[in-house]
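Peer 1: Input: one structure, supplied below.
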Amino acid sequence: MSRVPSDHARQTIEIGASYDEVLATLRDIERQSEWIPEILEAELLEVYQDDDLPATARFSASSSVGTDHYTLSYEHADDAMSWTMLEGRLQTGQEGCYTLSKRGPRRTEVSYDLTIHHHLPLPGFVRSRVIKGLVDHTLTGLKGHLEA
């Protein structure tokens, strides 16, 4: 029985924007393509009825091995937004989380933790570089978007 490869990366960045502004930007799923370079299309499918926060969304994203299509299910906390993958084309699973910490009136620390499972026949060092690059591009894109 072969094991499905999993790749993980975590990174933290400080952003010159208010906590509420950062959290609202992360939760605005349909506009993520404006600051995540790999996202080609994002469609909000469902929101939670009690608070109108994203519940499920469908994405098209570019990667070094082609375009991926996947659907994510979201959970929310006061200081975080996490997700798991419901279905995907290139990926067999995905778990991720953004966690925020206030660092000042217009300073917010954002940690991004991402794990991707797949069947891609790539060497480990290549997969590691790809996921670390994805996490880095996402956080620097968020920072650039909010500090512009």
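Ordering of the structure tokens sets the chain letters (A, B, ...), residue numbers begin anew at 1 in every chain, and ligands are numbered from 1 in the order given.
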For Val110 of chain A, work out the shell of residues within 6 Å, counting only C-alpha atoms and skipping chain neighbours fewer than 2 positions away, then give it as an MDAnalysis selection string.
Peer 2: chainID A and resid 12:13 99:100
Peer 1: Export C-alpha atoms of the chosen residues as a PDB file, in the first residue's frame?
Peer 2:
ATOM      1  CA  THR A  12       4.239  34.220   9.866  1.00  0.00           C
ATOM      2  CA  ILE A  13       4.270  37.838   8.697  1.00  0.00           C
ATOM      3  CA  THR A  99      -4.340  32.704  12.636  1.00  0.00           C
ATOM      4  CA  LEU A 100      -4.229  36.397  13.590  1.00  0.00           C
TER       5      LEU A 100
END
Peer 1: Return the single residue from A:Tyr98, A:Phe125, A:Tyr19, A:Trp35 that is closest to Thr138 of chain A, with distances computed using only C-alpha atoms.
Peer 2: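 Of A:Tyr98, A:Phe125, A:Tyr19, A:Trp35, the one nearest Thr138 of chain A, counting only C-alpha atoms, is A:Trp35.
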Peer 1: Atom CA of Thr84 of chain A and atom CA of Glu14 of chain A, how far apart in Å?
Peer 2: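 If I compute the distance from atom CA of Glu14 of chain A to atom CA of Thr84 of chain A, I get 24.8 Å.
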Peer 1: Could you pull out all residues of segment 2-145 of chain A with a DSSP call of alpha helix (DSSP H) and give them as a ChimeraX atom specification?
Peer 2: /A:19-27,124-145
Peer 1: Would you mind listing what lies within 9 Å of His119 of chain A as a ChimeraX atom specification, with only C-alpha atoms counted and same-chain residues fewer than 6 positions away left out?
Peer 2: /A:4-6,90-92
Peer 1: In Å, how far is it from atom CA of Arg129 of chain A to atom CA of Thr67 of chain A?
Peer 2: 17.9 Å
Peer 1: Rank A:His69, A:His145, A:Arg27, A:Arg127 by their smallest atom-to-atom distance to Cys97 of chain A, using only C-alpha atoms, and report the top residue only.
Peer 2: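 Ranked by minimum distance to Cys97 of chain A, first place goes to A:Arg27.
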Peer 1: With only C-alpha atoms as the counted atoms, please give the residues lying no more than 12 Å from segment 55-65 of chain A, apart from itself and same-chain residues fewer than 3 positions off, as a PDB file with C-alpha atoms, in the first residue's frame.
Peer 2:
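Final output, around.pdb:
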ATOM      1  CA  ARG A  27     -12.838  36.070   4.668  1.00  0.00           C
ATOM      2  CA  ASP A  28     -13.653  37.845   1.375  1.00  0.00           C
ATOM      3  CA  ILE A  29     -13.201  34.621  -0.596  1.00  0.00           C
ATOM      4  CA  GLU A  30     -14.253  35.936  -4.006  1.00  0.00           C
ATOM      5  CA  ARG A  31     -11.583  38.662  -3.926  1.00  0.00           C
ATOM      6  CA  GLN A  32      -8.687  36.400  -2.891  1.00  0.00           C
ATOM      7  CA  SER A  33      -7.564  36.254  -6.524  1.00  0.00           C
ATOM      8  CA  ILE A  36      -3.054  35.395  -4.068  1.00  0.00           C
ATOM      9  CA  PRO A  37      -1.139  35.092  -7.357  1.00  0.00           C
ATOM     10  CA  GLU A  38      -1.975  31.392  -7.859  1.00  0.00           C
ATOM     11  CA  ILE A  39      -5.769  31.820  -7.535  1.00  0.00           C
ATOM     12  CA  LEU A  40      -7.327  32.173 -10.988  1.00  0.00           C
ATOM     13  CA  GLU A  41     -10.949  32.061  -9.842  1.00  0.00           C
ATOM     14  CA  ALA A  42     -12.769  31.880  -6.503  1.00  0.00           C
ATOM     15  CA  GLU A  43     -16.500  31.310  -6.112  1.00  0.00           C
ATOM     16  CA  LEU A  44     -18.307  31.436  -2.781  1.00  0.00           C
ATOM     17  CA  LEU A  45     -20.827  28.584  -2.792  1.00  0.00           C
ATOM     18  CA  GLU A  46     -22.381  28.803   0.655  1.00  0.00           C
ATOM     19  CA  VAL A  47     -22.323  30.978   3.800  1.00  0.00           C
ATOM     20  CA  TYR A  48     -23.251  30.128   7.379  1.00  0.00           C
ATOM     21  CA  GLN A  49     -26.770  31.410   8.034  1.00  0.00           C
ATOM     22  CA  ASP A  50     -26.074  32.627  11.568  1.00  0.00           C
ATOM     23  CA  ASP A  51     -23.159  34.979  10.754  1.00  0.00           C
ATOM     24  CA  ASP A  52     -22.895  35.146   6.924  1.00  0.00           C
ATOM     25  CA  ASP A  68      -6.177  22.625 -10.140  1.00  0.00           C
ATOM     26  CA  HIS A  69      -9.871  22.803  -9.295  1.00  0.00           C
ATOM     27  CA  TYR A  70     -10.960  22.181  -5.702  1.00  0.00           C
ATOM     28  CA  THR A  71     -13.682  22.914  -3.140  1.00  0.00           C
ATOM     29  CA  LEU A  72     -12.988  23.951   0.449  1.00  0.00           C
ATOM     30  CA  SER A  73     -15.118  23.875   3.600  1.00  0.00           C
ATOM     31  CA  TYR A  74     -14.440  26.643   6.160  1.00  0.00           C
ATOM     32  CA  GLU A  75     -14.567  26.990   9.940  1.00  0.00           C
ATOM     33  CA  HIS A  76     -14.211  30.314  11.757  1.00  0.00           C
ATOM     34  CA  MET A  81     -10.152  30.908   9.592  1.00  0.00           C
ATOM     35  CA  SER A  82      -9.423  27.265   8.810  1.00  0.00           C
ATOM     36  CA  TRP A  83     -10.448  24.919   6.022  1.00  0.00           C
ATOM     37  CA  THR A  84     -10.424  21.375   4.714  1.00  0.00           C
ATOM     38  CA  MET A  85     -10.768  20.220   1.138  1.00  0.00           C
ATOM     39  CA  LEU A  86     -14.011  18.529   0.124  1.00  0.00           C
ATOM     40  CA  GLU A  87     -12.926  17.575  -3.399  1.00  0.00           C
ATOM     41  CA  GLY A  88     -10.082  18.292  -5.781  1.00  0.00           C
ATOM     42  CA  ARG A  89      -8.502  17.357  -9.079  1.00  0.00           C
ATOM     43  CA  LEU A  90      -4.725  17.385  -8.466  1.00  0.00           C
ATOM     44  CA  GLN A  91      -4.932  17.351  -4.680  1.00  0.00           C
ATOM     45  CA  HIS A 118      -1.590  14.626  -3.558  1.00  0.00           C
ATOM     46  CA  HIS A 119      -0.440  11.864  -5.907  1.00  0.00           C
ATOM     47  CA  LEU A 120       2.026  13.977  -7.892  1.00  0.00           C
ATOM     48  CA  PRO A 121       5.220  12.101  -8.794  1.00  0.00           C
ATOM     49  CA  LEU A 122       7.619  14.884  -7.774  1.00  0.00           C
ATOM     50  CA  VAL A 126      10.607  20.094  -5.338  1.00  0.00           C
ATOM     51  CA  ARG A 127       7.309  19.600  -3.470  1.00  0.00           C
ATOM     52  CA  ARG A 129       9.899  24.328  -2.487  1.00  0.00           C
ATOM     53  CA  VAL A 130       6.476  24.568  -4.175  1.00  0.00           C
ATOM     54  CA  ILE A 131       4.432  24.604  -0.949  1.00  0.00           C
ATOM     55  CA  GLY A 133       6.607  29.300  -2.228  1.00  0.00           C
ATOM     56  CA  LEU A 134       2.808  29.127  -2.200  1.00  0.00           C
TER      57      LEU A 134
END
Peer 1: From a DSSP calculation on the backbone, collect every residue of chain A in strand (DSSP E) and output the set as a ChimeraX atom specification.
Peer 2: /A:6-15,39-47,54-63,66-77,80-88,91-104,107-118
Peer 1: Take the residues just selected and output them with C-alpha atoms as a PDB file, in the first residue's frame.
Peer 2:
ATOM      1  CA  SER A   6       1.787  15.262   2.076  1.00  0.00           C
ATOM      2  CA  ASP A   7       3.579  18.581   2.116  1.00  0.00           C
ATOM      3  CA  HIS A   8       3.414  21.181   4.867  1.00  0.00           C
ATOM      4  CA  ALA A   9       4.560  24.780   5.304  1.00  0.00           C
ATOM      5  CA  ARG A  10       3.995  27.442   7.940  1.00  0.00           C
ATOM      6  CA  GLN A  11       5.009  31.081   7.873  1.00  0.00           C
ATOM      7  CA  THR A  12       4.239  34.220   9.866  1.00  0.00           C
ATOM      8  CA  ILE A  13       4.270  37.838   8.697  1.00  0.00           C
ATOM      9  CA  GLU A  14       3.422  41.199  10.276  1.00  0.00           C
ATOM     10  CA  ILE A  15       1.094  43.433   8.271  1.00  0.00           C
ATOM     11  CA  ILE A  39      -5.769  31.820  -7.535  1.00  0.00           C
ATOM     12  CA  LEU A  40      -7.327  32.173 -10.988  1.00  0.00           C
ATOM     13  CA  GLU A  41     -10.949  32.061  -9.842  1.00  0.00           C
ATOM     14  CA  ALA A  42     -12.769  31.880  -6.503  1.00  0.00           C
ATOM     15  CA  GLU A  43     -16.500  31.310  -6.112  1.00  0.00           C
ATOM     16  CA  LEU A  44     -18.307  31.436  -2.781  1.00  0.00           C
ATOM     17  CA  LEU A  45     -20.827  28.584  -2.792  1.00  0.00           C
ATOM     18  CA  GLU A  46     -22.381  28.803   0.655  1.00  0.00           C
ATOM     19  CA  VAL A  47     -22.323  30.978   3.800  1.00  0.00           C
ATOM     20  CA  PRO A  54     -17.951  31.659   4.179  1.00  0.00           C
ATOM     21  CA  ALA A  55     -18.907  27.980   4.550  1.00  0.00           C
ATOM     22  CA  THR A  56     -17.820  26.489   1.191  1.00  0.00           C
ATOM     23  CA  ALA A  57     -16.048  27.823  -1.890  1.00  0.00           C
ATOM     24  CA  ARG A  58     -14.756  26.519  -5.219  1.00  0.00           C
ATOM     25  CA  PHE A  59     -11.376  27.511  -6.664  1.00  0.00           C
ATOM     26  CA  SER A  60      -9.304  27.285  -9.830  1.00  0.00           C
ATOM     27  CA  ALA A  61      -5.607  27.737  -9.154  1.00  0.00           C
ATOM     28  CA  SER A  62      -2.436  27.601 -11.201  1.00  0.00           C
ATOM     29  CA  SER A  63       0.412  25.362 -10.134  1.00  0.00           C
ATOM     30  CA  GLY A  66      -1.214  22.513 -14.211  1.00  0.00           C
ATOM     31  CA  THR A  67      -4.480  24.091 -13.187  1.00  0.00           C
ATOM     32  CA  ASP A  68      -6.177  22.625 -10.140  1.00  0.00           C
ATOM     33  CA  HIS A  69      -9.871  22.803  -9.295  1.00  0.00           C
ATOM     34  CA  TYR A  70     -10.960  22.181  -5.702  1.00  0.00           C
ATOM     35  CA  THR A  71     -13.682  22.914  -3.140  1.00  0.00           C
ATOM     36  CA  LEU A  72     -12.988  23.951   0.449  1.00  0.00           C
ATOM     37  CA  SER A  73     -15.118  23.875   3.600  1.00  0.00           C
ATOM     38  CA  TYR A  74     -14.440  26.643   6.160  1.00  0.00           C
ATOM     39  CA  GLU A  75     -14.567  26.990   9.940  1.00  0.00           C
ATOM     40  CA  HIS A  76     -14.211  30.314  11.757  1.00  0.00           C
ATOM     41  CA  ALA A  77     -12.949  31.454  15.146  1.00  0.00           C
ATOM     42  CA  ALA A  80      -8.720  32.360  12.780  1.00  0.00           C
ATOM     43  CA  MET A  81     -10.152  30.908   9.592  1.00  0.00           C
ATOM     44  CA  SER A  82      -9.423  27.265   8.810  1.00  0.00           C
ATOM     45  CA  TRP A  83     -10.448  24.919   6.022  1.00  0.00           C
ATOM     46  CA  THR A  84     -10.424  21.375   4.714  1.00  0.00           C
ATOM     47  CA  MET A  85     -10.768  20.220   1.138  1.00  0.00           C
ATOM     48  CA  LEU A  86     -14.011  18.529   0.124  1.00  0.00           C
ATOM     49  CA  GLU A  87     -12.926  17.575  -3.399  1.00  0.00           C
ATOM     50  CA  GLY A  88     -10.082  18.292  -5.781  1.00  0.00           C
ATOM     51  CA  GLN A  91      -4.932  17.351  -4.680  1.00  0.00           C
ATOM     52  CA  THR A  92      -6.342  14.496  -2.617  1.00  0.00           C
ATOM     53  CA  GLY A  93      -6.673  16.695   0.474  1.00  0.00           C
ATOM     54  CA  GLN A  94      -5.847  20.086   1.941  1.00  0.00           C
ATOM     55  CA  GLU A  95      -5.973  21.576   5.415  1.00  0.00           C
ATOM     56  CA  GLY A  96      -5.096  25.169   6.141  1.00  0.00           C
ATOM     57  CA  CYS A  97      -5.462  27.904   8.696  1.00  0.00           C
ATOM     58  CA  TYR A  98      -4.843  31.630   9.008  1.00  0.00           C
ATOM     59  CA  THR A  99      -4.340  32.704  12.636  1.00  0.00           C
ATOM     60  CA  LEU A 100      -4.229  36.397  13.590  1.00  0.00           C
ATOM     61  CA  SER A 101      -2.703  38.266  16.544  1.00  0.00           C
ATOM     62  CA  LYS A 102      -3.038  41.989  17.277  1.00  0.00           C
ATOM     63  CA  ARG A 103       0.363  43.684  17.489  1.00  0.00           C
ATOM     64  CA  GLY A 104      -0.854  47.291  17.641  1.00  0.00           C
ATOM     65  CA  ARG A 107      -0.230  46.011  13.142  1.00  0.00           C
ATOM     66  CA  THR A 108      -1.470  42.440  12.768  1.00  0.00           C
ATOM     67  CA  GLU A 109       0.532  39.239  12.779  1.00  0.00           C
ATOM     68  CA  VAL A 110      -0.762  36.552  10.422  1.00  0.00           C
ATOM     69  CA  SER A 111       0.356  32.921  10.562  1.00  0.00           C
ATOM     70  CA  TYR A 112      -0.467  30.698   7.606  1.00  0.00           C
ATOM     71  CA  ASP A 113      -0.325  26.933   8.072  1.00  0.00           C
ATOM     72  CA  LEU A 114      -0.952  24.746   4.991  1.00  0.00           C
ATOM     73  CA  THR A 115      -0.855  20.997   4.344  1.00  0.00           C
ATOM     74  CA  ILE A 116      -1.526  19.543   0.891  1.00  0.00           C
ATOM     75  CA  HIS A 117      -1.967  15.834   0.048  1.00  0.00           C
ATOM     76  CA  HIS A 118      -1.590  14.626  -3.558  1.00  0.00           C
TER      77      HIS A 118
END
Peer 1: Looking at A:Leu139, A:Ser128, A:Asp78, A:Glu21, which one is nearest to Arg106 of chain A, with distances taken over only C-alpha atoms?
Peer 2: A:Glu21
